[in-house]
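As stored in my_file06.tsv (TSV, C-alpha atoms):
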chain	number	residue	atom	x	y	z
A	1	MET	CA	-8.19	-61.98	-16.50
A	2	LYS	CA	-11.12	-59.67	-17.24
A	3	LEU	CA	-14.42	-60.62	-15.62
A	4	LEU	CA	-17.97	-59.47	-16.24
A	5	LEU	CA	-20.30	-60.37	-13.38
A	6	ASP	CA	-23.77	-61.49	-14.39
A	7	THR	CA	-26.46	-59.83	-12.27
A	8	HIS	CA	-27.02	-62.84	-10.01
A	9	ALA	CA	-23.25	-63.27	-9.52
A	10	LEU	CA	-22.97	-59.61	-8.52
A	11	LEU	CA	-25.82	-59.84	-6.02
A	12	TRP	CA	-24.57	-63.13	-4.59
A	13	PHE	CA	-21.05	-61.77	-4.24
A	14	LEU	CA	-22.21	-58.61	-2.49
A	15	GLY	CA	-24.56	-60.59	-0.25
A	16	ASN	CA	-21.96	-63.26	0.54
A	17	ASP	CA	-24.48	-65.80	-0.74
A	18	PRO	CA	-23.29	-69.45	-0.78
A	19	GLN	CA	-24.94	-69.92	-4.19
A	20	LEU	CA	-21.88	-68.20	-5.69
A	21	SER	CA	-19.38	-70.94	-6.50
A	22	ALA	CA	-16.08	-70.98	-4.64
A	23	PRO	CA	-14.02	-70.65	-7.88
A	24	ALA	CA	-16.16	-67.68	-8.97
A	25	ARG	CA	-15.68	-65.99	-5.60
A	26	GLU	CA	-11.92	-66.59	-5.73
A	27	HIS	CA	-11.66	-65.05	-9.19
A	28	ILE	CA	-13.75	-62.03	-8.16
A	29	GLU	CA	-11.66	-61.52	-5.03
A	30	ASN	CA	-8.36	-61.82	-6.91
A	31	PRO	CA	-6.93	-58.28	-7.09
A	32	ALA	CA	-5.03	-59.14	-10.27
A	33	HIS	CA	-8.30	-59.53	-12.20
A	34	GLU	CA	-10.18	-56.66	-13.80
A	35	LYS	CA	-13.82	-56.81	-12.76
A	36	PHE	CA	-16.72	-55.23	-14.61
A	37	VAL	CA	-20.41	-54.75	-13.89
A	38	SER	CA	-22.62	-54.02	-16.87
A	39	ALA	CA	-24.84	-50.99	-16.89
A	40	ALA	CA	-27.46	-53.55	-17.96
A	41	SER	CA	-27.15	-55.28	-14.57
A	42	LEU	CA	-27.79	-52.07	-12.68
A	43	TRP	CA	-30.74	-51.36	-14.97
A	44	GLU	CA	-32.10	-54.88	-14.34
A	45	ILE	CA	-31.69	-54.47	-10.57
A	46	THR	CA	-33.45	-51.10	-10.65
A	47	ILE	CA	-36.40	-52.59	-12.51
A	48	LYS	CA	-36.65	-55.51	-10.09
A	49	LEU	CA	-36.50	-53.13	-7.14
A	50	SER	CA	-39.30	-50.99	-8.57
A	51	LEU	CA	-41.42	-54.12	-9.15
A	52	GLU	CA	-40.61	-55.27	-5.60
A	53	LYS	CA	-39.09	-58.51	-6.91
A	54	LEU	CA	-35.83	-57.67	-5.17
A	55	LYS	CA	-34.92	-56.03	-1.89
A	56	LEU	CA	-31.61	-54.46	-0.89
A	57	PRO	CA	-30.45	-53.56	2.62
A	58	ARG	CA	-30.11	-49.91	1.59
A	59	PRO	CA	-31.33	-47.84	-1.38
A	60	SER	CA	-29.63	-48.86	-4.63
A	61	GLY	CA	-28.32	-45.31	-5.06
A	62	GLU	CA	-26.23	-45.88	-1.94
A	63	VAL	CA	-25.37	-49.55	-2.44
A	64	PHE	CA	-23.99	-49.47	-5.94
A	65	PRO	CA	-21.66	-46.53	-6.16
A	66	GLN	CA	-20.18	-47.59	-2.82
A	67	GLN	CA	-19.94	-51.32	-3.54
A	68	LEU	CA	-18.54	-50.84	-7.03
A	69	GLU	CA	-15.76	-48.71	-5.59
A	70	ILE	CA	-15.07	-50.89	-2.52
A	71	ASN	CA	-14.79	-54.04	-4.63
A	72	GLY	CA	-12.86	-52.51	-7.50
A	73	PHE	CA	-15.66	-53.09	-10.02
A	74	GLU	CA	-15.71	-50.92	-13.12
A	75	LEU	CA	-19.04	-49.97	-14.65
A	76	LEU	CA	-19.20	-51.27	-18.22
A	77	PRO	CA	-21.25	-48.92	-20.40
A	78	ILE	CA	-23.28	-50.12	-23.36
A	79	SER	CA	-21.48	-49.42	-26.64
A	80	CYS	CA	-22.59	-49.36	-30.27
A	81	ALA	CA	-20.27	-52.31	-31.00
A	82	GLN	CA	-21.98	-54.35	-28.29
A	83	LEU	CA	-25.42	-53.45	-29.64
A	84	ASN	CA	-24.31	-54.47	-33.14
A	85	GLN	CA	-23.17	-57.82	-31.74
A	86	LEU	CA	-26.48	-58.16	-29.93
A	87	THR	CA	-28.40	-57.93	-33.22
A	88	ALA	CA	-26.32	-60.81	-34.60
A	89	LEU	CA	-26.89	-63.19	-31.67
A	90	PRO	CA	-29.19	-66.14	-32.20
A	91	PHE	CA	-32.15	-66.30	-29.82
A	92	HIS	CA	-30.98	-69.20	-27.64
A	93	HIS	CA	-31.63	-66.91	-24.72
A	94	ARG	CA	-34.60	-64.54	-24.68
A	95	TYR	CA	-33.85	-62.49	-21.57
A	96	PRO	CA	-32.74	-59.05	-22.83
A	97	PHE	CA	-30.31	-58.19	-20.01
A	98	ASP	CA	-28.51	-61.52	-20.36
A	99	ARG	CA	-28.36	-61.19	-24.14
A	100	LEU	CA	-26.72	-57.79	-23.77
A	101	GLN	CA	-24.20	-59.18	-21.29
A	102	ILE	CA	-23.39	-62.00	-23.73
A	103	ALA	CA	-22.76	-59.41	-26.46
A	104	GLN	CA	-20.57	-57.39	-24.09
A	105	THR	CA	-18.60	-60.51	-23.19
A	106	ILE	CA	-17.93	-61.31	-26.83
A	107	VAL	CA	-17.10	-57.77	-28.00
A	108	ASP	CA	-14.91	-56.82	-25.03
A	109	ASP	CA	-13.23	-60.25	-24.71
A	110	LEU	CA	-14.42	-60.81	-21.15
A	111	ASN	CA	-15.07	-63.90	-19.06
A	112	ILE	CA	-18.65	-63.88	-17.81
A	113	VAL	CA	-19.21	-65.03	-14.25
A	114	THR	CA	-22.57	-66.82	-14.44
A	115	ARG	CA	-24.21	-70.10	-13.62
A	116	ASP	CA	-26.84	-69.59	-16.34
A	117	PRO	CA	-26.52	-72.64	-18.64
A	118	GLU	CA	-27.98	-70.72	-21.61
A	119	PHE	CA	-24.77	-68.66	-21.87
A	120	SER	CA	-22.86	-71.75	-23.02
A	121	LYS	CA	-24.86	-71.74	-26.26
A	122	TYR	CA	-22.92	-68.63	-27.33
A	123	PRO	CA	-19.23	-68.08	-28.08
A	124	ALA	CA	-18.73	-66.52	-24.65
A	125	LYS	CA	-16.07	-67.46	-22.13
A	126	ILE	CA	-17.84	-68.59	-18.97
A	127	LEU	CA	-16.42	-68.79	-15.49
A	128	TRP	CA	-18.28	-70.57	-12.72
This entry written out as structure tokens:
Amino acid sequence: MKLLLDTHALLWFLGNDPQLSAPAREHIENPAHEKFVSAASLWEITIKLSLEKLKLPRPSGEVFPQQLEINGFELLPISCAQLNQLTALPFHHRYPFDRLQIAQTIVDDLNIVTRDPEFSKYPAKILW
């Protein structure tokens, strides 16, 4: 199974937060699954850090390269095909980072790990 972690799922996984569902944690921890983190998530985190809406235990430049590698997460770049899909999505969801992750999920045939109910309005495979 190929997973794309939504930003909150990524942060909750890394922080061992109980808000992450047990099934989601099990799928993320399963070494047989391919796990991806969108470049959009890192961009979103960076913005929230600069606005002081988020705090990390160490600078993001240390946390993310290390944690991506330790956890076997691959960085998913933003492709032209994903951006083309994004332009075709209806506006059920207005948050730009989530919309891009929805497009990535559809184009790359991924299962998105999210508890955001708005994702279910799109033809995306959701895991929670």
I'd like the contact shell of Val107 of chain A - 8 Å cut-off, all atoms listed in the file, skipping same-chain residues fewer than 2 positions apart - returned as an MDAnalysis selection string. chainID A and resid 81:82 85 103:105 109:110
Counting all atoms listed in the file, the residue among A:Pro23, A:Pro59, A:Pro77, A:Pro65 that lies closest to Phe36 of chain A is A:Pro77
Straight-line distance linking atom CA of Leu54 of chain A with atom CA of Arg115 of chain A, stated in Å to one decimal: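 Atom CA of Arg115 of chain A lies at a distance of 19.0 Å from atom CA of Leu54 of chain A.
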Using all atoms listed in the file: which of A:Ile28, A:Leu3, A:Ile102, A:Leu127 has the shortest distance to Asn71 of chain A: A:Ile28
Calculated over only C-alpha atoms, which of the candidates A:Gln66, A:Ser120, A:Thr7, A:Gln101 has the smallest distance to Leu42 of chain A?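 Residue with the minimum atom-to-atom distance to Leu42 of chain A: A:Thr7.
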12 Å contact set for Ala22 of chain A, all atoms listed in the file, chain neighbours under 3 positions out, as a ChimeraX atom specification: /A:9,12-13,16-19,25-29,113,127-128
Measuring atom to atom with only C-alpha atoms, identify which of A:Leu100, A:Leu11, A:Ile47, A:Leu83 is nearest to Ala124 of chain A.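 The shortest atom-to-atom distance to Ala124 of chain A comes from A:Leu100.
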Give me segment 90-103 of chain A with N, CA and C atoms filled in, as a PDB file, in the coordinates of the input.
ATOM      1  N   PRO A  90     -27.992 -65.315 -32.067  1.00  0.00           N
ATOM      2  CA  PRO A  90     -29.190 -66.140 -32.200  1.00  0.00           C
ATOM      3  C   PRO A  90     -30.008 -66.079 -30.905  1.00  0.00           C
ATOM      4  N   PHE A  91     -31.257 -66.421 -30.974  1.00  0.00           N
ATOM      5  CA  PHE A  91     -32.150 -66.300 -29.820  1.00  0.00           C
ATOM      6  C   PHE A  91     -32.200 -67.584 -28.986  1.00  0.00           C
ATOM      7  N   HIS A  92     -31.017 -68.076 -28.584  1.00  0.00           N
ATOM      8  CA  HIS A  92     -30.980 -69.200 -27.640  1.00  0.00           C
ATOM      9  C   HIS A  92     -31.512 -68.726 -26.293  1.00  0.00           C
ATOM     10  N   HIS A  93     -31.256 -67.499 -26.003  1.00  0.00           N
ATOM     11  CA  HIS A  93     -31.630 -66.910 -24.720  1.00  0.00           C
ATOM     12  C   HIS A  93     -32.526 -65.709 -25.022  1.00  0.00           C
ATOM     13  N   ARG A  94     -33.638 -65.598 -24.375  1.00  0.00           N
ATOM     14  CA  ARG A  94     -34.600 -64.540 -24.680  1.00  0.00           C
ATOM     15  C   ARG A  94     -34.550 -63.370 -23.702  1.00  0.00           C
ATOM     16  N   TYR A  95     -33.859 -63.531 -22.590  1.00  0.00           N
ATOM     17  CA  TYR A  95     -33.850 -62.490 -21.570  1.00  0.00           C
ATOM     18  C   TYR A  95     -32.950 -61.336 -22.020  1.00  0.00           C
ATOM     19  N   PRO A  96     -33.498 -60.133 -22.201  1.00  0.00           N
ATOM     20  CA  PRO A  96     -32.740 -59.050 -22.830  1.00  0.00           C
ATOM     21  C   PRO A  96     -31.471 -58.615 -22.079  1.00  0.00           C
ATOM     22  N   PHE A  97     -31.503 -58.612 -20.757  1.00  0.00           N
ATOM     23  CA  PHE A  97     -30.310 -58.190 -20.010  1.00  0.00           C
ATOM     24  C   PHE A  97     -29.183 -59.193 -20.188  1.00  0.00           C
ATOM     25  N   ASP A  98     -29.521 -60.487 -20.162  1.00  0.00           N
ATOM     26  CA  ASP A  98     -28.510 -61.520 -20.360  1.00  0.00           C
ATOM     27  C   ASP A  98     -27.960 -61.476 -21.780  1.00  0.00           C
ATOM     28  N   ARG A  99     -28.827 -61.262 -22.753  1.00  0.00           N
ATOM     29  CA  ARG A  99     -28.360 -61.190 -24.140  1.00  0.00           C
ATOM     30  C   ARG A  99     -27.369 -60.041 -24.318  1.00  0.00           C
ATOM     31  N   LEU A 100     -27.647 -58.911 -23.681  1.00  0.00           N
ATOM     32  CA  LEU A 100     -26.720 -57.790 -23.770  1.00  0.00           C
ATOM     33  C   LEU A 100     -25.394 -58.131 -23.092  1.00  0.00           C
ATOM     34  N   GLN A 101     -25.439 -58.795 -21.963  1.00  0.00           N
ATOM     35  CA  GLN A 101     -24.200 -59.180 -21.290  1.00  0.00           C
ATOM     36  C   GLN A 101     -23.398 -60.179 -22.130  1.00  0.00           C
ATOM     37  N   ILE A 102     -24.084 -61.068 -22.826  1.00  0.00           N
ATOM     38  CA  ILE A 102     -23.390 -62.000 -23.730  1.00  0.00           C
ATOM     39  C   ILE A 102     -22.683 -61.204 -24.824  1.00  0.00           C
ATOM     40  N   ALA A 103     -23.376 -60.241 -25.416  1.00  0.00           N
ATOM     41  CA  ALA A 103     -22.760 -59.410 -26.460  1.00  0.00           C
ATOM     42  C   ALA A 103     -21.563 -58.645 -25.900  1.00  0.00           C
TER      43      ALA A 103
END
